[in-house]
Structures are given as structure tokens and as C-alpha cells.
$ cat structure13.pdb   # PDB, C-alpha atoms and all ligand atoms
ATOM      1  CA  MET J1036       0.000   0.000   0.000
ATOM      2  CA  SER J1037       1.521   3.324  -1.033
ATOM      3  CA  GLY J1038       0.681   6.700  -2.523
ATOM      4  CA  ARG J1039      -2.959   7.719  -2.747
ATOM      5  CA  VAL J1040      -5.507   6.709  -0.124
ATOM      6  CA  SER J1041      -8.548   7.364  -2.336
ATOM      7  CA  GLY J1042     -10.851   4.344  -2.302
ATOM      8  CA  LEU J1043      -8.966   2.672   0.561
ATOM      9  CA  VAL J1044     -10.476   1.645   3.886
ATOM     10  CA  ALA J1045      -9.099   3.080   7.126
ATOM     11  CA  LEU J1046      -9.869   2.489  10.792
ATOM     12  CA  VAL J1047      -9.091   5.160  13.401
ATOM     13  CA  THR J1048      -9.349   4.726  17.177
ATOM     14  CA  GLY J1049     -10.034   7.778  19.318
ATOM     15  CA  ALA J1050     -11.830   9.251  16.312
ATOM     16  CA  ALA J1051     -14.279  11.446  18.242
ATOM     17  CA  SER J1052     -11.788  14.092  19.293
ATOM     18  CA  GLY J1053      -8.408  15.777  18.839
ATOM     19  CA  ILE J1054      -5.772  13.991  16.740
ATOM     20  CA  GLY J1055      -8.070  11.054  15.839
ATOM     21  CA  LEU J1056     -10.804  13.371  14.584
ATOM     22  CA  ALA J1057      -8.346  15.490  12.573
ATOM     23  CA  THR J1058      -6.873  12.311  11.033
ATOM     24  CA  SER J1059     -10.322  10.917  10.183
ATOM     25  CA  ARG J1060     -11.225  14.196   8.457
ATOM     26  CA  HIS J1061      -7.954  14.152   6.513
ATOM     27  CA  LEU J1062      -8.521  10.552   5.383
ATOM     28  CA  LEU J1063     -12.131  11.255   4.335
ATOM     29  CA  LYS J1064     -11.070  14.411   2.476
ATOM     30  CA  SER J1065      -8.510  12.293   0.609
ATOM     31  CA  GLY J1066     -11.211   9.857  -0.517
ATOM     32  CA  ALA J1067     -10.775   7.043   2.019
ATOM     33  CA  LYS J1068     -13.596   5.342   3.902
ATOM     34  CA  VAL J1069     -13.225   5.446   7.694
ATOM     35  CA  GLY J1070     -14.282   3.115  10.511
ATOM     36  CA  ALA J1071     -14.471   5.516  13.466
ATOM     37  CA  ILE J1072     -13.904   3.928  16.880
ATOM     38  CA  ASP J1073     -14.325   5.738  20.196
ATOM     39  CA  ILE J1074     -15.812   5.273  23.675
ATOM     40  CA  SER J1075     -17.122   8.851  23.805
ATOM     41  CA  THR J1076     -20.830   9.624  23.564
ATOM     42  CA  ASN J1077     -19.746  12.389  21.138
ATOM     43  CA  LEU J1078     -18.871   9.770  18.533
ATOM     44  CA  LYS J1079     -22.410   9.629  17.115
ATOM     45  CA  SER J1080     -22.710  13.375  16.472
ATOM     46  CA  THR J1081     -19.135  13.435  15.166
ATOM     47  CA  CYS J1082     -19.909  10.656  12.651
ATOM     48  CA  ASP J1083     -23.165  12.351  11.646
ATOM     49  CA  ALA J1084     -21.298  15.605  10.957
ATOM     50  CA  LEU J1085     -18.520  13.820   9.025
ATOM     51  CA  GLY J1086     -21.164  11.874   7.093
ATOM     52  CA  LYS J1087     -22.890  15.135   6.061
ATOM     53  CA  GLU J1088     -19.610  16.595   4.859
ATOM     54  CA  PHE J1089     -18.049  13.555   3.178
ATOM     55  CA  GLY J1090     -20.974  11.182   2.544
ATOM     56  CA  SER J1091     -22.627   8.951   5.115
ATOM     57  CA  SER J1092     -21.637   5.800   3.211
ATOM     58  CA  ASN J1093     -17.975   6.659   3.766
ATOM     59  CA  ILE J1094     -18.012   6.586   7.572
ATOM     60  CA  ALA J1095     -18.838   3.739   9.962
ATOM     61  CA  TYR J1096     -19.938   4.600  13.510
ATOM     62  CA  LEU J1097     -18.283   2.065  15.820
ATOM     63  CA  PRO J1098     -18.712   2.817  19.547
ATOM     64  CA  CYS J1099     -16.143   0.693  21.380
ATOM     65  CA  ASP J1100     -13.869   0.600  24.418
ATOM     66  CA  VAL J1101     -10.442  -0.168  22.931
ATOM     67  CA  SER J1102      -9.284  -1.730  26.215
ATOM     68  CA  ASP J1103     -11.841  -4.525  25.668
ATOM     69  CA  ASP J1104     -10.027  -6.910  23.281
ATOM     70  CA  ASP J1105     -13.175  -8.722  22.133
ATOM     71  CA  ALA J1106     -15.072  -5.492  21.469
ATOM     72  CA  LEU J1107     -12.086  -4.075  19.581
ATOM     73  CA  LYS J1108     -11.778  -7.188  17.413
ATOM     74  CA  SER J1109     -15.502  -6.973  16.558
ATOM     75  CA  ALA J1110     -15.175  -3.311  15.582
ATOM     76  CA  PHE J1111     -12.225  -4.142  13.302
ATOM     77  CA  LYS J1112     -14.227  -6.966  11.669
ATOM     78  CA  GLU J1113     -17.247  -4.680  11.306
ATOM     79  CA  THR J1114     -15.136  -2.130   9.404
ATOM     80  CA  LYS J1115     -13.999  -4.771   6.906
ATOM     81  CA  GLU J1116     -17.526  -6.180   6.589
ATOM     82  CA  GLN J1117     -19.037  -2.732   5.895
ATOM     83  CA  PHE J1118     -16.408  -1.530   3.414
ATOM     84  CA  GLY J1119     -14.988  -4.753   1.952
ATOM     85  CA  SER J1120     -11.320  -4.419   2.975
ATOM     86  CA  LEU J1121      -8.993  -2.967   5.595
ATOM     87  CA  ASP J1122      -5.955  -1.040   4.321
ATOM     88  CA  ILE J1123      -5.007   1.576   6.936
ATOM     89  CA  VAL J1124      -5.145   1.411  10.748
ATOM     90  CA  VAL J1125      -4.410   4.330  13.076
ATOM     91  CA  ASN J1126      -4.131   3.057  16.663
ATOM     92  CA  ASN J1127      -4.559   6.440  18.314
ATOM     93  CA  ALA J1128      -6.927   6.316  21.339
ATOM     94  CA  GLY J1129      -5.229   7.259  24.587
ATOM     95  CA  ILE J1130      -5.787   8.606  28.087
ATOM     96  CA  PHE J1131      -3.694  10.612  30.537
ATOM     97  CA  ASP J1132      -4.596   9.196  33.965
ATOM     98  CA  GLU J1133      -1.652   8.335  36.209
ATOM     99  CA  ASP J1134      -3.964   7.451  39.139
ATOM    100  CA  ASN J1135      -5.529   4.661  37.050
ATOM    101  CA  TRP J1136      -2.305   3.393  35.524
ATOM    102  CA  GLY J1137      -3.618  -0.145  34.978
ATOM    103  CA  LYS J1138      -6.433   1.191  32.807
ATOM    104  CA  LEU J1139      -3.993   3.616  31.157
ATOM    105  CA  LEU J1140      -1.735   0.740  30.085
ATOM    106  CA  LYS J1141      -4.707  -1.140  28.642
ATOM    107  CA  VAL J1142      -6.018   1.849  26.680
ATOM    108  CA  ASN J1143      -2.668   3.295  25.578
ATOM    109  CA  LEU J1144      -0.525   0.179  24.995
ATOM    110  CA  GLN J1145      -2.566  -3.043  25.034
ATOM    111  CA  SER J1146      -5.031  -1.626  22.475
ATOM    112  CA  VAL J1147      -2.175  -0.708  20.125
ATOM    113  CA  ILE J1148      -0.832  -4.261  20.296
ATOM    114  CA  SER J1149      -4.240  -5.887  19.870
ATOM    115  CA  GLY J1150      -5.134  -3.368  17.126
ATOM    116  CA  THR J1151      -1.960  -4.335  15.268
ATOM    117  CA  TYR J1152      -2.757  -8.063  15.516
ATOM    118  CA  ASN J1153      -6.335  -7.406  14.353
ATOM    119  CA  ALA J1154      -4.964  -5.456  11.383
ATOM    120  CA  MET J1155      -2.587  -8.298  10.493
ATOM    121  CA  GLU J1156      -5.503 -10.735  10.509
ATOM    122  CA  LEU J1157      -7.766  -8.581   8.337
ATOM    123  CA  MET J1158      -5.464  -6.812   5.863
ATOM    124  CA  SER J1159      -5.041  -8.407   2.438
ATOM    125  CA  PRO J1160      -1.893 -10.570   2.181
ATOM    126  CA  ASP J1161      -1.510  -9.478  -1.459
ATOM    127  CA  LYS J1162      -2.243  -5.766  -1.157
ATOM    128  CA  GLY J1163      -0.787  -5.368   2.351
ATOM    129  CA  GLY J1164      -1.516  -2.249   4.390
ATOM    130  CA  VAL J1165      -0.140   0.333   6.775
ATOM    131  CA  ILE J1166      -0.442   0.861  10.531
ATOM    132  CA  VAL J1167       0.336   4.094  12.405
ATOM    133  CA  ASN J1168       0.553   4.011  16.205
ATOM    134  CA  THR J1169       0.244   7.242  18.191
ATOM    135  CA  ALA J1170       3.027   7.448  20.787
ATOM    136  CA  SER J1171       4.406  10.755  22.165
ATOM    137  CA  VAL J1172       7.667  12.607  22.796
ATOM    138  CA  SER J1173       7.260  11.291  26.359
ATOM    139  CA  GLY J1174       8.009   7.819  24.932
ATOM    140  CA  LEU J1175      11.393   9.114  23.726
ATOM    141  CA  SER J1176      12.227  11.336  26.753
ATOM    142  CA  PRO J1177      10.123  10.121  29.710
ATOM    143  CA  LEU J1178       8.492  12.918  31.723
ATOM    144  CA  PRO J1179       8.417  13.116  35.561
ATOM    145  CA  PHE J1180       4.791  14.260  35.729
ATOM    146  CA  CYS J1181       3.527  11.176  33.856
ATOM    147  CA  PRO J1182       5.673   8.026  34.426
ATOM    148  CA  ALA J1183       3.009   5.455  33.514
ATOM    149  CA  TYR J1184       1.928   7.482  30.473
ATOM    150  CA  SER J1185       5.582   7.784  29.376
ATOM    151  CA  ALA J1186       6.058   4.010  29.845
ATOM    152  CA  SER J1187       2.984   3.284  27.718
ATOM    153  CA  LYS J1188       4.356   5.483  24.930
ATOM    154  CA  SER J1189       7.903   3.982  25.153
ATOM    155  CA  GLY J1190       6.173   0.603  24.869
ATOM    156  CA  ILE J1191       4.428   1.677  21.668
ATOM    157  CA  ILE J1192       7.743   2.770  20.141
ATOM    158  CA  ALA J1193       9.495  -0.514  21.097
ATOM    159  CA  PHE J1194       6.532  -2.557  19.815
ATOM    160  CA  THR J1195       6.461  -0.648  16.511
ATOM    161  CA  LYS J1196      10.196  -1.141  15.890
ATOM    162  CA  ALA J1197      10.145  -4.849  16.799
ATOM    163  CA  MET J1198       6.968  -5.513  14.815
ATOM    164  CA  LYS J1199       8.438  -3.834  11.706
ATOM    165  CA  ASN J1200      11.264  -6.403  11.776
ATOM    166  CA  ASN J1201       8.866  -9.228  12.665
ATOM    167  CA  LEU J1202       6.615  -8.438   9.660
ATOM    168  CA  GLU J1203       9.579  -8.046   7.324
ATOM    169  CA  LEU J1204      11.140 -11.371   8.402
ATOM    170  CA  ARG J1205       7.815 -13.124   7.876
ATOM    171  CA  GLY J1206       7.388 -11.556   4.424
ATOM    172  CA  ILE J1207       4.146  -9.799   5.408
ATOM    173  CA  LYS J1208       3.498  -6.674   3.304
ATOM    174  CA  ILE J1209       2.335  -4.404   6.114
ATOM    175  CA  ARG J1210       4.233  -1.238   7.032
ATOM    176  CA  ILE J1211       4.123  -0.046  10.652
ATOM    177  CA  ASN J1212       5.152   3.405  11.923
ATOM    178  CA  SER J1213       4.766   5.547  15.003
ATOM    179  CA  ILE J1214       4.151   9.239  15.571
ATOM    180  CA  CYS J1215       5.584  11.095  18.584
ATOM    181  CA  PRO J1216       4.034  14.530  19.033
ATOM    182  CA  ALA J1217       4.898  17.069  21.730
ATOM    183  CA  GLY J1218       1.980  19.039  23.227
ATOM    184  CA  VAL J1219      -1.131  19.258  21.061
ATOM    185  CA  GLU J1220      -4.162  21.471  21.705
ATOM    186  CA  THR J1221      -6.735  18.779  22.554
ATOM    187  CA  ALA J1222      -9.104  17.843  25.371
ATOM    188  CA  MET J1223      -6.399  15.592  26.845
ATOM    189  CA  VAL J1224      -3.985  18.458  27.526
ATOM    190  CA  MET J1225      -6.713  20.832  28.688
ATOM    191  CA  ASN J1226      -7.913  18.294  31.283
ATOM    192  CA  ALA J1227      -4.363  17.269  32.288
ATOM    193  CA  GLY J1228      -3.483  20.827  33.267
ATOM    194  CA  LYS J1229      -5.911  20.668  36.232
ATOM    195  CA  VAL J1230      -4.600  17.267  37.361
ATOM    196  CA  ILE J1231      -0.978  18.421  37.165
ATOM    197  CA  MET J1232      -1.819  21.454  39.333
ATOM    198  CA  SER J1233      -2.736  19.054  42.178
ATOM    199  CA  MET J1234       0.737  17.419  42.084
ATOM    200  CA  PRO J1235       3.662  18.424  44.367
ATOM    201  CA  GLN J1236       5.190  21.819  43.512
ATOM    202  CA  PRO J1237       8.514  20.517  42.052
ATOM    203  CA  ILE J1238       6.572  18.278  39.662
ATOM    204  CA  ILE J1239       4.333  21.162  38.611
ATOM    205  CA  ALA J1240       7.511  23.164  37.967
ATOM    206  CA  ALA J1241       8.963  20.352  35.827
ATOM    207  CA  ALA J1242       5.717  20.075  33.857
ATOM    208  CA  THR J1243       5.591  23.819  33.293
ATOM    209  CA  ALA J1244       9.249  23.845  32.199
ATOM    210  CA  SER J1245       8.710  21.118  29.597
ATOM    211  CA  ALA J1246       5.545  22.688  28.229
ATOM    212  CA  GLY J1247       6.042  24.369  24.867
ATOM    213  CA  GLU J1248       3.616  25.998  22.492
ATOM    214  CA  LEU J1249       0.696  23.673  21.740
ATOM    215  CA  MET J1250       0.352  22.430  18.160
ATOM    216  CA  LYS J1251      -2.925  22.009  16.258
ATOM    217  CA  PRO J1252      -4.242  18.432  15.856
ATOM    218  CA  GLU J1253      -4.407  19.012  12.064
ATOM    219  CA  PHE J1254      -0.600  19.363  11.996
ATOM    220  CA  ILE J1255      -0.238  15.939  13.655
ATOM    221  CA  ALA J1256      -2.750  14.492  11.172
ATOM    222  CA  GLU J1257      -0.449  15.694   8.367
ATOM    223  CA  GLY J1258       2.386  13.689   9.936
ATOM    224  CA  ILE J1259       0.163  10.610  10.187
ATOM    225  CA  MET J1260      -0.814  11.024   6.521
ATOM    226  CA  GLU J1261       2.881  11.215   5.580
ATOM    227  CA  LEU J1262       3.521   7.920   7.382
ATOM    228  CA  ILE J1263       0.524   6.374   5.602
ATOM    229  CA  THR J1264       1.293   7.532   2.078
ATOM    230  CA  ASP J1265       5.119   7.468   1.905
ATOM    231  CA  ALA J1266       5.921   3.865   0.979
ATOM    232  CA  SER J1267       9.556   4.313   2.040
ATOM    233  CA  ARG J1268       8.492   4.782   5.692
ATOM    234  CA  ASN J1269       8.544   1.497   7.600
ATOM    235  CA  GLY J1270       9.508   1.237  11.284
ATOM    236  CA  ALA J1271       9.691   5.037  11.224
ATOM    237  CA  ILE J1272       9.400   7.066  14.419
ATOM    238  CA  LEU J1273       8.267  10.595  13.536
ATOM    239  CA  MET J1274       8.698  13.211  16.244
ATOM    240  CA  ILE J1275       6.661  16.400  15.855
ATOM    241  CA  GLU J1276       7.569  19.522  17.808
ATOM    242  CA  PRO J1277       6.276  23.105  17.563
ATOM    243  CA  ASP J1278       9.697  24.655  16.990
ATOM    244  CA  LYS J1279      11.373  21.985  14.826
ATOM    245  CA  GLY J1280       8.431  20.452  12.945
ATOM    246  CA  PHE J1281       8.884  16.884  11.655
ATOM    247  CA  THR J1282      12.025  14.908  12.646
ATOM    248  CA  TYR J1283      12.554  11.193  11.983
ATOM    249  CA  VAL J1284      14.392   9.630  14.951
ATOM    250  CA  GLU J1285      16.269   6.330  15.325
TER     251      GLU J1285
HETATM  252  N1  LIG L1301      -2.531  16.052  23.128
HETATM  253  C1  LIG L1301      -1.217  15.847  23.219
HETATM  254  O1  LIG L1301      -0.456  16.735  23.643
HETATM  255  C2  LIG L1301      -0.648  14.573  22.758
HETATM  256  C3  LIG L1301      -1.414  13.442  22.585
HETATM  257  N2  LIG L1301      -0.827  12.277  22.219
HETATM  258  C4  LIG L1301      -1.614  11.071  22.018
HETATM  259  O2  LIG L1301      -2.540  11.295  20.986
HETATM  260  C5  LIG L1301      -3.627  10.398  21.115
HETATM  261  C6  LIG L1301      -4.920  11.156  20.946
HETATM  262  O3  LIG L1301      -5.051  12.061  22.021
HETATM  263  P1  LIG L1301      -5.636  13.539  21.860
HETATM  264  O4  LIG L1301      -6.244  13.688  20.542
HETATM  265  O5  LIG L1301      -4.611  14.474  22.304
HETATM  266  O6  LIG L1301      -6.719  13.518  23.021
HETATM  267  P2  LIG L1301      -8.301  13.545  23.011
HETATM  268  O7  LIG L1301      -8.670  13.376  24.429
HETATM  269  O8  LIG L1301      -8.782  14.731  22.279
HETATM  270  O9  LIG L1301      -8.697  12.259  22.164
HETATM  271  C7  LIG L1301      -8.574  10.964  22.656
HETATM  272  C8  LIG L1301      -9.773  10.155  22.200
HETATM  273  O10 LIG L1301      -9.594   8.807  22.637
HETATM  274  C9  LIG L1301     -10.835   8.345  23.114
HETATM  275  N3  LIG L1301     -10.679   7.258  24.073
HETATM  276  C10 LIG L1301     -10.174   7.333  25.322
HETATM  277  N4  LIG L1301     -10.268   6.156  25.924
HETATM  278  C11 LIG L1301     -10.836   5.300  25.042
HETATM  279  C12 LIG L1301     -11.208   3.942  25.096
HETATM  280  N5  LIG L1301     -11.030   3.204  26.186
HETATM  281  N6  LIG L1301     -11.775   3.402  23.996
HETATM  282  C13 LIG L1301     -11.996   4.136  22.893
HETATM  283  N7  LIG L1301     -11.671   5.428  22.791
HETATM  284  C14 LIG L1301     -11.099   6.012  23.858
HETATM  285  C15 LIG L1301     -11.454   9.567  23.781
HETATM  286  O11 LIG L1301     -12.857   9.420  23.963
HETATM  287  C16 LIG L1301     -11.077  10.659  22.816
HETATM  288  O12 LIG L1301     -12.064  10.856  21.827
HETATM  289  C17 LIG L1301      -3.450   9.729  22.487
HETATM  290  O13 LIG L1301      -2.893   8.448  22.309
HETATM  291  C18 LIG L1301      -2.466  10.633  23.179
HETATM  292  O14 LIG L1301      -1.734   9.955  24.149
HETATM  293  C19 LIG L1301       0.508  12.195  21.943
HETATM  294  C20 LIG L1301       1.298  13.281  22.092
HETATM  295  C21 LIG L1301       0.790  14.564  22.493
HETATM  296  C1  LIG L1302       5.127  18.617  27.316
HETATM  297  C2  LIG L1302       4.120  17.542  27.027
HETATM  298  C3  LIG L1302       4.648  16.529  26.069
HETATM  299  C4  LIG L1302       3.884  15.221  26.130
HETATM  300  C5  LIG L1302       2.654  15.274  25.332
HETATM  301  C6  LIG L1302       1.754  14.113  25.606
HETATM  302  O1  LIG L1302       1.939  13.055  25.060
HETATM  303  C7  LIG L1302       0.657  14.259  26.488
HETATM  304  C8  LIG L1302       0.474  15.356  27.229
HETATM  305  C9  LIG L1302      -0.619  15.420  28.143
HETATM  306  C10 LIG L1302      -0.762  16.415  29.013
HETATM  307  C11 LIG L1302       0.174  17.490  29.143
HETATM  308  C12 LIG L1302      -0.090  18.498  29.986
HETATM  309  C13 LIG L1302       0.845  19.594  30.116
HETATM  310  C14 LIG L1302       0.569  20.612  30.917
HETATM  311  C15 LIG L1302       1.517  21.748  31.045
HETATM  312  O2  LIG L1302       1.512  22.491  29.834
HETATM  313  C16 LIG L1302       1.151  22.723  32.139
HETATM  314  O3  LIG L1302      -0.130  23.245  31.814
HETATM  315  C17 LIG L1302       1.090  22.009  33.458
HETATM  316  C18 LIG L1302       1.456  22.929  34.615
HETATM  317  C19 LIG L1302       0.253  23.421  35.322
HETATM  318  C20 LIG L1302       0.120  24.894  35.114
HETATM  319  O4  LIG L1302      -0.904  25.289  34.501
HETATM  320  O5  LIG L1302       1.000  25.648  35.543
END
$ encode --input "structure13.pdb" --output "C-alpha cells"
Amino acid sequence: MSGRVSGLVALVTGAASGIGLATSRHLLKSGAKVGAIDISTNLKSTCDALGKEFGSSNIAYLPCDVSDDDALKSAFKETKEQFGSLDIVVNNAGIFDEDNWGKLLKVNLQSVISGTYNAMELMSPDKGGVIVNTASVSGLSPLPFCPAYSASKSGIIAFTKAMKNNLELRGIKIRINSICPAGVETAMVMNAGKVIMSMPQPIIAAATASAGELMKPEFIAEGIMELITDASRNGAILMIEPDKGFTYVE
């Protein structure tokens, strides 16, 4: 799978908001069909609005908790059943909740692993496909105000790199890449600010020091589209920062 996405079938988790919503819009605008997965009650109105703009037959409304492996597998199958194939998967849903770190690991890391295995099962062996996993700069340089979150994102990067080699060695034509944004202007960051303010003062100071200008989710969606469409990108880790833009890291 390379080049144009027109006519292809994509699945995006965390599609109701922020980076997932911006990516879904970008895919639809480029002519792809999108299976939109999210746990949020906003998903229905989001899909209705996207359907009005891009055609209701091009979007599948798939309410699902990505931390529930069986439910996630069904939503993946449903996407292929509705649209006839599965070519692009963006494992993007995530939470920022250090107090509930067990749940955080399930949503942020387990769902990326199970989403990847679901994609491998459903993508065409002949045509192949592409997977993009949303990590974070905190997976490259772990942050003191979110150790479990940072660990989940480091895990995504390690999984992506290992799985690229695994797929290649097995001769499976699926590319797999990861995106590592710094701060993005989404509900996650807005809500995290309040939680961070309740942490001990030195940790608040560290969080404030590492906070840069927030980027727009549409900018991150452009990075995800680059990883989808550029056939030379496999096992790529794309860092996105407000001052430096796109940087591919080892
Ligand atoms: N906002 C930021 O600064 C950055 C965010 N990220 C990552 O980007 C991804 C998207 O986050 P944002 O768009 O920023 O936040 P967001 O809060 O706007 O979007 C996250 C979406 O995931 C959904 N979600 C959460 N738990 C779910 C579950 N169990 N099942 C299904 N859907 C679920 C939410 O309902 C929401 O629609 C996350 O993986 C996050 O860790 C990475 C780097 C920076
Ligand atoms: C610098 C963040 C990089 C990691 C991005 C990421 O993956 C997820 C980030 C989630 C939440 C980040 C919240 C950051 C908050 C700070 O900007 C600051 O608002 C916290 C200090 C509290 C204050 O308002 O002074």
C-alpha cells in the first residue's frame, strides 16, 4: 500500500476528538472510507457531521472501548464487513490518567498491540496495508509528571520497531510506523493541566518547564498522513515539535 488513499479503507481509534478526529477528516477528504472507533458519547454526532460533509456511506460509527479486546476485534471486523477491505489502521486512542495506571496501560498500549494483531488478521496478504501508532515525545524522553503514560508510549515505540522487523522477516506486506508529538491542543492536555496542578510543587515546575507551544491536531494528522502515504516509511518514528516540525528519529 503506497501513494494515494482514495478508495482505501481506514480504521481510526479515538476518532471522536483531537488527533483522531483530525486524522479521520484528513482521510475522508482524501477519498478514504473510515471506521471511526471511540468510547465517547460524542462519537455519534461526530460521525453524523462527518457523514454530512463527506458522505454517510464513507463513515462507519463504531462505539467501542479499545481496552476490551473482544469489542475491539468486533469493531475491526465490522469495518472490513461494511467496506470490503482494511488497508489503513491508526491506533490512536489514549488517556492521561496516572492514578488509574492499569487502565492507562490497557487503553494506551494493550489496544495498540491488539489493534496491530487485528490489522494483520484482516489486511489483504496481497495488497498489504499500513499501521500508524500514536506514541508521544514522552516515549522518547520520559516525563516526571507522567511516568506510567511515558512508559505506555515507550512501549508503543518498542513494539512498533520490533513488529516492523517481525513483519519483514515473515514476508508480510504491512508497514508499521509511530508518531511522537509534543503538546497538542486537545481535550487531553486541557484536562491534564488541572490534574498536574494538584501534584507536588517541584513536579508542577517540571511540567511547566517542559511545556512548549501547543500544536494544532491538524498538523499531527499531516504527519500521520505522511507515514501512511510514503511507501519508504517502515519502522519510522516521527517526532513532531512546535519549533522543529517533523524529525525522523532512530
Ligand atoms: N494532546 C497531546 O499533547 C498529545 C497526545 N498524544 C496522544 O494522541 C492520542 C490522541 O489524544 P488527543 O487527541 O490528544 O486527546 P483527546 O482526548 O482529544 O482524544 C482521545 C480520544 O480517545 C478516546 N478514548 C479514550 N479512551 C478510550 C477507550 N477506552 N476506547 C476508545 N476510545 C477512547 C477519547 O474518547 C477521545 O475521543 C493519544 O494516544 C495521546 O496519548 C501524543 C502526544 C501529544
Ligand atoms: C510537554 C508535554 C509533552 C507530552 C505530550 C503528551 O503526550 C501528552 C500530554 C498530556 C498532558 C500534558 C499536559 C501539560 C501541561 C503543562 O503544559 C502545564 O499546563 C502544566 C502545569 C500546570 C500549570 O498550569 O501551571
$ resolve_selection --input "structure13.pdb" --expression "the PyMOL selection byres (((not hetatm)) within 7 of (chain L and resi 1301))" --output "JSON, numbers by chain"
{"J": [1048, 1049, 1050, 1051, 1052, 1053, 1054, 1055, 1072, 1073, 1074, 1075, 1099, 1100, 1101, 1102, 1127, 1128, 1129, 1130, 1131, 1142, 1143, 1169, 1170, 1171, 1172, 1215, 1216, 1217, 1218, 1219, 1220, 1221, 1222, 1223, 1224, 1252]}
$ closest_residue --input "structure13.pdb" --among "J:Gly1174, J:Gly1280, J:Gly1042, J:Gly1258" --to "ligand LIG 1302 (chain L)" --atoms "only C-alpha atoms and all ligand atoms"
J:Gly1174
$ closest_residue --input "structure13.pdb" --among "J:Glu1156, J:Glu1203, J:Glu1261, J:Glu1133" --to "ligand LIG 1302 (chain L)" --atoms "only C-alpha atoms and all ligand atoms"
J:Glu1133
$ closest_residue --input "structure13.pdb" --among "J:Lys1138, J:Arg1039, J:Lys1188, J:Lys1208" --to "ligand LIG 1302 (chain L)" --atoms "all atoms listed in the file"
J:Lys1188
$ axis_aligned_box --input "structure13.pdb" --around "ligand LIG 1302 (chain L)" --padding-each-side "3 Å" --output "AutoDock Vina command-line options"
--center_x 2.1 --center_y 19.4 --center_z 30.3 --size_x 12.0 --size_y 18.6 --size_z 16.5
$ resolve_selection --input "structure13.pdb" --expression "the PyMOL selection byres (((chain J and resi 1259) around 9) and not hetatm)" --output "PDB file with C-alpha atoms, in the frame of the given file"
ATOM      1  CA  THR J1058      -6.873  12.311  11.033  1.00  0.00           C
ATOM      2  CA  VAL J1125      -4.410   4.330  13.076  1.00  0.00           C
ATOM      3  CA  VAL J1167       0.336   4.094  12.405  1.00  0.00           C
ATOM      4  CA  ASN J1168       0.553   4.011  16.205  1.00  0.00           C
ATOM      5  CA  THR J1169       0.244   7.242  18.191  1.00  0.00           C
ATOM      6  CA  ASN J1212       5.152   3.405  11.923  1.00  0.00           C
ATOM      7  CA  SER J1213       4.766   5.547  15.003  1.00  0.00           C
ATOM      8  CA  ILE J1214       4.151   9.239  15.571  1.00  0.00           C
ATOM      9  CA  PHE J1254      -0.600  19.363  11.996  1.00  0.00           C
ATOM     10  CA  ILE J1255      -0.238  15.939  13.655  1.00  0.00           C
ATOM     11  CA  ALA J1256      -2.750  14.492  11.172  1.00  0.00           C
ATOM     12  CA  GLU J1257      -0.449  15.694   8.367  1.00  0.00           C
ATOM     13  CA  GLY J1258       2.386  13.689   9.936  1.00  0.00           C
ATOM     14  CA  MET J1260      -0.814  11.024   6.521  1.00  0.00           C
ATOM     15  CA  GLU J1261       2.881  11.215   5.580  1.00  0.00           C
ATOM     16  CA  LEU J1262       3.521   7.920   7.382  1.00  0.00           C
ATOM     17  CA  ILE J1263       0.524   6.374   5.602  1.00  0.00           C
ATOM     18  CA  THR J1264       1.293   7.532   2.078  1.00  0.00           C
ATOM     19  CA  LEU J1273       8.267  10.595  13.536  1.00  0.00           C
TER      20      LEU J1273
END
$ closest_residue --input "structure13.pdb" --among "J:Ser1092, J:Thr1114, J:Ser1149, J:Asn1077" --to "J:Leu1063" --atoms "all atoms listed in the file"
J:Ser1092
$ resolve_selection --input "structure13.pdb" --expression "the PyMOL selection byres (((chain J and resi 1154) around 12) and not hetatm)" --output "JSON, numbers by chain"
{"J": [1044, 1045, 1046, 1047, 1107, 1108, 1109, 1110, 1111, 1112, 1114, 1115, 1120, 1121, 1122, 1123, 1124, 1125, 1126, 1146, 1147, 1148, 1149, 1150, 1151, 1152, 1153, 1155, 1156, 1157, 1158, 1159, 1160, 1163, 1164, 1165, 1166, 1167, 1168, 1207, 1208, 1209, 1210, 1211]}
$ write_last_selection --input "structure13.pdb" --atoms "C-alpha atoms" --output "CSV table (one decimal), keeping the file's coordinate frame"
chain,number,residue,atom,x,y,z
J,1044,VAL,CA,-10.5,1.6,3.9
J,1045,ALA,CA,-9.1,3.1,7.1
J,1046,LEU,CA,-9.9,2.5,10.8
J,1047,VAL,CA,-9.1,5.2,13.4
J,1107,LEU,CA,-12.1,-4.1,19.6
J,1108,LYS,CA,-11.8,-7.2,17.4
J,1109,SER,CA,-15.5,-7.0,16.6
J,1110,ALA,CA,-15.2,-3.3,15.6
J,1111,PHE,CA,-12.2,-4.1,13.3
J,1112,LYS,CA,-14.2,-7.0,11.7
J,1114,THR,CA,-15.1,-2.1,9.4
J,1115,LYS,CA,-14.0,-4.8,6.9
J,1120,SER,CA,-11.3,-4.4,3.0
J,1121,LEU,CA,-9.0,-3.0,5.6
J,1122,ASP,CA,-6.0,-1.0,4.3
J,1123,ILE,CA,-5.0,1.6,6.9
J,1124,VAL,CA,-5.1,1.4,10.7
J,1125,VAL,CA,-4.4,4.3,13.1
J,1126,ASN,CA,-4.1,3.1,16.7
J,1146,SER,CA,-5.0,-1.6,22.5
J,1147,VAL,CA,-2.2,-0.7,20.1
J,1148,ILE,CA,-0.8,-4.3,20.3
J,1149,SER,CA,-4.2,-5.9,19.9
J,1150,GLY,CA,-5.1,-3.4,17.1
J,1151,THR,CA,-2.0,-4.3,15.3
J,1152,TYR,CA,-2.8,-8.1,15.5
J,1153,ASN,CA,-6.3,-7.4,14.4
J,1155,MET,CA,-2.6,-8.3,10.5
J,1156,GLU,CA,-5.5,-10.7,10.5
J,1157,LEU,CA,-7.8,-8.6,8.3
J,1158,MET,CA,-5.5,-6.8,5.9
J,1159,SER,CA,-5.0,-8.4,2.4
J,1160,PRO,CA,-1.9,-10.6,2.2
J,1163,GLY,CA,-0.8,-5.4,2.4
J,1164,GLY,CA,-1.5,-2.2,4.4
J,1165,VAL,CA,-0.1,0.3,6.8
J,1166,ILE,CA,-0.4,0.9,10.5
J,1167,VAL,CA,0.3,4.1,12.4
J,1168,ASN,CA,0.6,4.0,16.2
J,1207,ILE,CA,4.1,-9.8,5.4
J,1208,LYS,CA,3.5,-6.7,3.3
J,1209,ILE,CA,2.3,-4.4,6.1
J,1210,ARG,CA,4.2,-1.2,7.0
J,1211,ILE,CA,4.1,0.0,10.7
